[in-house]
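Source file: upload34.csv. Holds: CSV, C-alpha atoms.
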chain,number,residue,atom,x,y,z
G,1,MET,CA,6.6,-19.5,6.5
G,2,SER,CA,4.5,-22.7,6.5
G,3,GLY,CA,1.5,-23.2,8.7
G,4,LEU,CA,0.5,-19.5,8.8
G,5,PRO,CA,-2.9,-18.5,7.5
G,6,LEU,CA,-2.6,-16.6,4.2
G,7,LEU,CA,-4.5,-13.5,3.2
G,8,PRO,CA,-6.8,-13.9,0.2
G,9,GLU,CA,-5.2,-13.5,-3.2
G,10,ARG,CA,-8.3,-11.9,-4.6
G,11,ILE,CA,-10.7,-9.6,-2.7
G,12,GLU,CA,-13.6,-7.9,-4.4
G,13,THR,CA,-15.2,-4.7,-3.0
G,14,GLU,CA,-18.1,-2.7,-4.4
G,15,ARG,CA,-15.8,-0.8,-6.8
G,16,LEU,CA,-12.4,-2.6,-6.7
G,17,VAL,CA,-10.7,-5.9,-7.3
G,18,LEU,CA,-7.6,-6.5,-5.3
G,19,ARG,CA,-5.7,-9.4,-6.9
G,20,ARG,CA,-2.3,-10.8,-7.5
G,21,TRP,CA,-0.1,-9.1,-10.1
G,22,THR,CA,0.3,-10.7,-13.6
G,23,LEU,CA,2.9,-9.9,-16.3
G,24,ALA,CA,0.1,-8.4,-18.4
G,25,ASP,CA,-0.1,-5.6,-15.8
G,26,ALA,CA,3.2,-4.0,-17.0
G,27,ASP,CA,1.5,-1.7,-19.5
G,28,ASP,CA,-0.9,-0.4,-16.9
G,29,VAL,CA,1.9,0.2,-14.4
G,30,LEU,CA,3.9,2.1,-17.0
G,31,ALA,CA,0.9,4.2,-17.9
G,32,PHE,CA,0.5,5.5,-14.3
G,33,ALA,CA,4.0,5.3,-12.9
G,34,ALA,CA,5.6,7.4,-15.6
G,35,ASP,CA,3.6,10.4,-14.3
G,36,PRO,CA,6.1,12.6,-12.2
G,37,GLU,CA,3.2,13.9,-10.1
G,38,TRP,CA,2.2,10.3,-9.2
G,39,SER,CA,5.7,9.4,-8.1
G,40,ARG,CA,6.8,12.5,-6.2
G,41,PHE,CA,6.6,10.7,-2.8
G,42,LEU,CA,7.5,7.2,-4.0
G,43,PRO,CA,10.9,5.5,-4.5
G,44,VAL,CA,10.7,4.9,-8.2
G,45,PRO,CA,13.2,5.5,-11.0
G,46,GLU,CA,13.0,8.8,-12.9
G,47,PRO,CA,12.4,8.6,-15.8
G,48,TYR,CA,10.2,5.6,-15.4
G,49,GLU,CA,10.6,3.2,-18.3
G,50,ARG,CA,9.0,0.0,-19.6
G,51,ARG,CA,11.8,-2.1,-18.1
G,52,HIS,CA,11.0,-0.6,-14.6
G,53,ALA,CA,7.3,-1.6,-15.0
G,54,GLU,CA,8.3,-5.1,-16.0
G,55,GLU,CA,10.8,-5.4,-13.1
G,56,PHE,CA,8.2,-4.0,-10.7
G,57,VAL,CA,5.5,-6.5,-11.7
G,58,ALA,CA,8.0,-9.5,-11.7
G,59,ALA,CA,9.2,-8.6,-8.2
G,60,ARG,CA,5.6,-8.4,-6.9
G,61,MET,CA,4.8,-11.8,-8.5
G,62,LEU,CA,7.8,-13.4,-6.7
G,63,GLU,CA,6.9,-12.0,-3.2
G,64,ASP,CA,6.3,-14.5,-0.4
G,65,TRP,CA,2.6,-14.2,0.2
G,66,SER,CA,2.9,-15.3,3.8
G,67,THR,CA,5.0,-12.2,4.7
G,68,SER,CA,4.4,-9.8,1.8
G,69,PRO,CA,1.0,-10.0,0.2
G,70,ASP,CA,0.9,-7.4,-2.6
G,71,TRP,CA,-2.3,-6.7,-4.5
G,72,ALA,CA,-2.8,-4.9,-7.8
G,73,ILE,CA,-5.7,-2.6,-7.4
G,74,GLU,CA,-7.9,-3.2,-10.4
G,75,ILE,CA,-10.5,-0.5,-11.4
G,76,ALA,CA,-12.6,-1.0,-14.5
G,77,GLY,CA,-10.5,-3.9,-15.6
G,78,ARG,CA,-7.1,-2.2,-15.4
G,79,ALA,CA,-4.3,-2.4,-12.8
G,80,SER,CA,-4.5,1.1,-11.4
G,81,GLY,CA,-2.4,0.9,-8.3
G,82,GLU,CA,-1.0,-1.3,-5.5
G,83,ILE,CA,-1.5,-2.0,-1.9
G,84,ALA,CA,1.0,-4.2,-0.1
G,85,LEU,CA,1.2,-5.4,3.5
G,86,ARG,CA,4.5,-6.4,5.0
G,87,LEU,CA,3.9,-8.8,7.9
G,88,ASP,CA,6.2,-9.4,10.8
G,89,HIS,CA,4.7,-12.5,12.4
G,90,GLN,CA,7.2,-12.6,15.2
G,91,HIS,CA,6.2,-9.0,16.4
G,92,ARG,CA,2.6,-9.4,15.3
G,93,THR,CA,2.6,-6.3,13.1
G,94,GLY,CA,1.6,-5.4,9.5
G,95,ASP,CA,3.0,-2.4,7.7
G,96,PHE,CA,1.2,-1.3,4.6
G,97,GLY,CA,2.0,0.9,1.7
G,98,TYR,CA,0.0,1.9,-1.3
G,99,ALA,CA,-0.2,4.0,-4.5
G,100,LEU,CA,-2.9,4.8,-7.0
G,101,ALA,CA,-2.9,6.1,-10.5
G,102,ARG,CA,-3.5,9.9,-10.5
G,103,ARG,CA,-6.6,9.6,-12.7
G,104,HIS,CA,-8.3,7.9,-9.7
G,105,TRP,CA,-7.2,10.3,-6.9
G,106,GLY,CA,-9.9,11.9,-4.8
G,107,ARG,CA,-12.6,9.3,-5.3
G,108,GLY,CA,-12.1,7.2,-2.1
G,109,TYR,CA,-10.6,4.2,-3.9
G,110,MET,CA,-7.5,4.1,-1.7
G,111,THR,CA,-9.5,4.3,1.5
G,112,GLU,CA,-11.7,1.5,0.3
G,113,ALA,CA,-8.6,-0.6,-0.6
G,114,ALA,CA,-6.8,0.1,2.7
G,115,ARG,CA,-9.9,-0.6,4.8
G,116,THR,CA,-10.4,-3.9,2.9
G,117,VAL,CA,-6.8,-5.0,3.4
G,118,THR,CA,-6.8,-4.0,7.1
G,119,GLU,CA,-10.1,-5.9,7.7
G,120,ALA,CA,-8.8,-9.0,5.9
G,121,ALA,CA,-5.5,-8.9,7.8
G,122,PHE,CA,-7.2,-8.8,11.2
G,123,ALA,CA,-9.8,-11.3,10.2
G,124,THR,CA,-7.3,-13.8,8.7
G,125,LEU,CA,-4.4,-13.4,11.1
G,126,PRO,CA,-5.7,-14.0,14.7
G,127,ASP,CA,-2.3,-13.1,16.2
G,128,LEU,CA,-2.0,-9.8,14.3
G,129,ALA,CA,-1.9,-7.0,17.0
G,130,ARG,CA,-1.3,-3.9,14.9
G,131,VAL,CA,-1.4,-2.5,11.4
G,132,GLN,CA,0.6,0.6,10.7
G,133,ALA,CA,1.6,2.8,7.7
G,134,GLY,CA,3.9,5.8,7.1
G,135,ALA,CA,3.7,8.8,4.9
G,136,ASN,CA,5.7,11.9,3.9
G,137,THR,CA,4.4,14.8,5.9
G,138,ARG,CA,3.7,16.7,2.7
G,139,ASN,CA,1.6,13.9,1.3
G,140,THR,CA,-1.7,15.1,2.8
G,141,ALA,CA,-3.8,12.9,0.7
G,142,SER,CA,-2.1,9.7,2.0
G,143,ILE,CA,-2.3,11.0,5.6
G,144,ARG,CA,-6.0,11.6,5.1
G,145,VAL,CA,-6.5,7.9,4.0
G,146,LEU,CA,-4.9,6.8,7.3
G,147,GLU,CA,-7.0,9.2,9.3
G,148,LYS,CA,-10.2,7.9,7.5
G,149,LEU,CA,-9.2,4.4,8.6
G,150,GLY,CA,-9.3,5.6,12.2
G,151,MET,CA,-5.5,5.1,12.6
G,152,THR,CA,-3.8,7.1,15.3
G,153,HIS,CA,-0.9,9.4,14.6
G,154,GLU,CA,1.9,7.9,16.7
G,155,GLY,CA,4.8,10.1,15.7
G,156,THR,CA,6.8,12.2,13.3
G,157,ILE,CA,10.2,11.1,12.0
G,158,ARG,CA,12.2,14.3,11.4
G,159,HIS,CA,14.9,14.6,8.7
G,160,ALA,CA,14.4,11.1,7.4
G,161,PRO,CA,16.2,10.1,4.2
G,162,ARG,CA,14.1,9.5,1.1
G,163,VAL,CA,14.6,6.1,-0.5
G,164,ASN,CA,14.8,7.3,-4.0
G,165,LYS,CA,16.7,10.5,-3.2
G,166,PRO,CA,19.4,9.7,-0.6
G,167,ASP,CA,20.7,13.2,-0.4
G,168,SER,CA,17.2,14.6,0.3
G,169,ARG,CA,15.8,14.5,3.8
G,170,GLU,CA,12.1,15.1,4.8
G,171,ALA,CA,9.8,14.5,7.6
G,172,GLY,CA,7.5,11.5,7.8
G,173,VAL,CA,4.6,10.3,10.0
G,174,ILE,CA,3.6,7.0,11.4
G,175,TYR,CA,0.0,6.0,11.9
G,176,ALA,CA,-1.3,2.8,13.4
G,177,VAL,CA,-4.4,0.9,14.5
G,178,LEU,CA,-4.5,-1.8,17.2
G,179,ARG,CA,-6.6,-4.9,16.8
G,180,GLU,CA,-8.9,-3.9,19.7
G,181,GLU,CA,-9.4,-0.4,18.3
G,182,TRP,CA,-10.3,-1.9,14.9
G,183,GLU,CA,-12.7,-4.3,16.4
G,184,GLN,CA,-14.4,-1.6,18.6
G,185,ARG,CA,-15.1,0.5,15.4
G,186,ARG,CA,-16.6,-2.4,13.5
Rewritten as structure tokens:
Amino acid sequence: MSGLPLLPERIETERLVLRRWTLADADDVLAFAADPEWSRFLPVPEPYERRHAEEFVAARMLEDWSTSPDWAIEIAGRASGEIALRLDHQHRTGDFGYALARRHWGRGYMTEAARTVTEAAFATLPDLARVQAGANTRNTASIRVLEKLGMTHEGTIRHAPRVNKPDSREAGVIYAVLREEWEQRR
């Protein structure tokens, strides 16, 4: 979509670098995505193989940055996760998803990345009215990230199909923050 402001392709925080994906990231992706504990709430192939990592990185590199910015989360020089924002410019919304290598869980990295992306989205896109995210109800760590961002629980989706397991149904939650709420908290 031409004429729209674009989110930065590289954002540095105190501990992280959020940047565009490169083909060289496939080894790092394979290292964390092959972990079954890491993928239990994510729609990834099982078993996760090198070709899956290469396809993942290639797909991320081809995303239209104006509607689907997708950053590799780099920690200590290695791609260690992802944070992506799906923008619906017509409805003025952003919907983000994220994942982080298990070796980095519990250290506040994902909250730092999500806060940074939310801030960049509201700062860069003046028409953006809302940022939202969903999580499996059993994924308490992901829900905690959304709560730390000051997002509001807007609802529970009961008996929702899982993307990677179509015969399995589980509950999910939706959290969101409105621009005016975000700005009041700053």
(request) Rank nothing, just name the residue among G:Tyr98, G:Trp21, G:Trp65, G:Phe122 nearest to Trp38 of chain G, using all atoms listed in the file. (result)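 Looking at the shortest contact to Trp38 of chain G, the residue is G:Tyr98.
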Produce a table with one row for each residue of segment 50-85 of chain G that has an atom at most 12 Å from any atom of segment 1-13 of chain G, each row naming the nearest atom pair and its distance in Å at one decimal; use all atoms listed in the file; arrange rows by chain and rising residue number; format as CSV.
residue,atom,partner,partner_atom,distance
G:Met61,CA,G:Glu9,CA,11.4
G:Asp64,CA,G:Met1,CA,8.5
G:Trp65,CA,G:Leu6,CA,7.0
G:Ser66,CA,G:Leu6,CA,5.7
G:Thr67,CA,G:Met1,CA,7.7
G:Ser68,CA,G:Leu7,CA,9.7
G:Pro69,CA,G:Leu7,CA,7.2
G:Asp70,CA,G:Glu9,CA,8.6
G:Trp71,CA,G:Glu9,CA,7.5
G:Ala72,CA,G:Arg10,CA,9.5
G:Ile73,CA,G:Ile11,CA,9.8
G:Glu74,CA,G:Glu12,CA,9.5
G:Ile75,CA,G:Thr13,CA,10.5
G:Ile83,CA,G:Ile11,CA,12.0
G:Ala84,CA,G:Leu7,CA,11.3
G:Leu85,CA,G:Leu7,CA,9.9
Please produce a file of the residues just selected, as a PDB file, keeping the file's coordinate frame, where the atoms kept are C-alpha atoms.
ATOM      1  CA  MET G  61       4.800 -11.800  -8.500  1.00  0.00           C
ATOM      2  CA  ASP G  64       6.300 -14.500  -0.400  1.00  0.00           C
ATOM      3  CA  TRP G  65       2.600 -14.200   0.200  1.00  0.00           C
ATOM      4  CA  SER G  66       2.900 -15.300   3.800  1.00  0.00           C
ATOM      5  CA  THR G  67       5.000 -12.200   4.700  1.00  0.00           C
ATOM      6  CA  SER G  68       4.400  -9.800   1.800  1.00  0.00           C
ATOM      7  CA  PRO G  69       1.000 -10.000   0.200  1.00  0.00           C
ATOM      8  CA  ASP G  70       0.900  -7.400  -2.600  1.00  0.00           C
ATOM      9  CA  TRP G  71      -2.300  -6.700  -4.500  1.00  0.00           C
ATOM     10  CA  ALA G  72      -2.800  -4.900  -7.800  1.00  0.00           C
ATOM     11  CA  ILE G  73      -5.700  -2.600  -7.400  1.00  0.00           C
ATOM     12  CA  GLU G  74      -7.900  -3.200 -10.400  1.00  0.00           C
ATOM     13  CA  ILE G  75     -10.500  -0.500 -11.400  1.00  0.00           C
ATOM     14  CA  ILE G  83      -1.500  -2.000  -1.900  1.00  0.00           C
ATOM     15  CA  ALA G  84       1.000  -4.200  -0.100  1.00  0.00           C
ATOM     16  CA  LEU G  85       1.200  -5.400   3.500  1.00  0.00           C
TER      17      LEU G  85
END
(message) Counting all atoms listed in the file, which residue out of G:Leu18, G:Ala171, G:Val57, G:Glu154 sits closest to Ala120 of chain G?
(response)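 Selected residue with least distance to Ala120 of chain G: G:Leu18.
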(request) Measure the distance from atom CA of Asn139 of chain G to atom CA of Arg86 of chain G in Å and round it to one decimal. (result)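 The value is 20.8 Å.
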(message) Could you tell me how far atom CA of His153 of chain G sits from atom CA of Leu100 of chain G, in Å to one decimal place?
(response)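 Atom CA of His153 of chain G lies 22.2 Å from atom CA of Leu100 of chain G.
For Arg130 of chain G, the set of protein, DNA and RNA residues having any atom at most 6 Å away, when counting all atoms listed in the file and skipping those fewer than 5 positions along the same chain, is G:Thr93, G:Val177, G:Leu178, G:Arg179.
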(message) So, with all atoms listed in the file as the atoms that count, which of G:Glu55, G:Asp88, G:Glu181, G:Glu46 lies closest to Leu125 of chain G?
(response)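 With all atoms listed in the file as the atom set, the closest residue is G:Asp88.
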Give me the residues within 12 Å of Ala141 of chain G as a compact mmCIF listing (two decimals) with C-alpha atoms, in the coordinates of the input, counting all atoms listed in the file and dropping any in the same chain fewer than 6 places off.
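Below you can see part01.txt, which holds the result:
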# COMPACT_ATOMS: atom_id res chain seq x y z
CA TRP G 38 2.20 10.30 -9.20
CA PHE G 41 6.60 10.70 -2.80
CA TYR G 98 0.00 1.90 -1.30
CA ALA G 99 -0.20 4.00 -4.50
CA LEU G 100 -2.90 4.80 -7.00
CA ARG G 102 -3.50 9.90 -10.50
CA TRP G 105 -7.20 10.30 -6.90
CA GLY G 106 -9.90 11.90 -4.80
CA ARG G 107 -12.60 9.30 -5.30
CA GLY G 108 -12.10 7.20 -2.10
CA TYR G 109 -10.60 4.20 -3.90
CA MET G 110 -7.50 4.10 -1.70
CA THR G 111 -9.50 4.30 1.50
CA ALA G 135 3.70 8.80 4.90
CA GLU G 147 -7.00 9.20 9.30
CA LYS G 148 -10.20 7.90 7.50
(request) Measure the distance from atom CA of Ala176 of chain G to atom CA of Ala129 of chain G in Å and round it to one decimal. (result) 10.5 Å
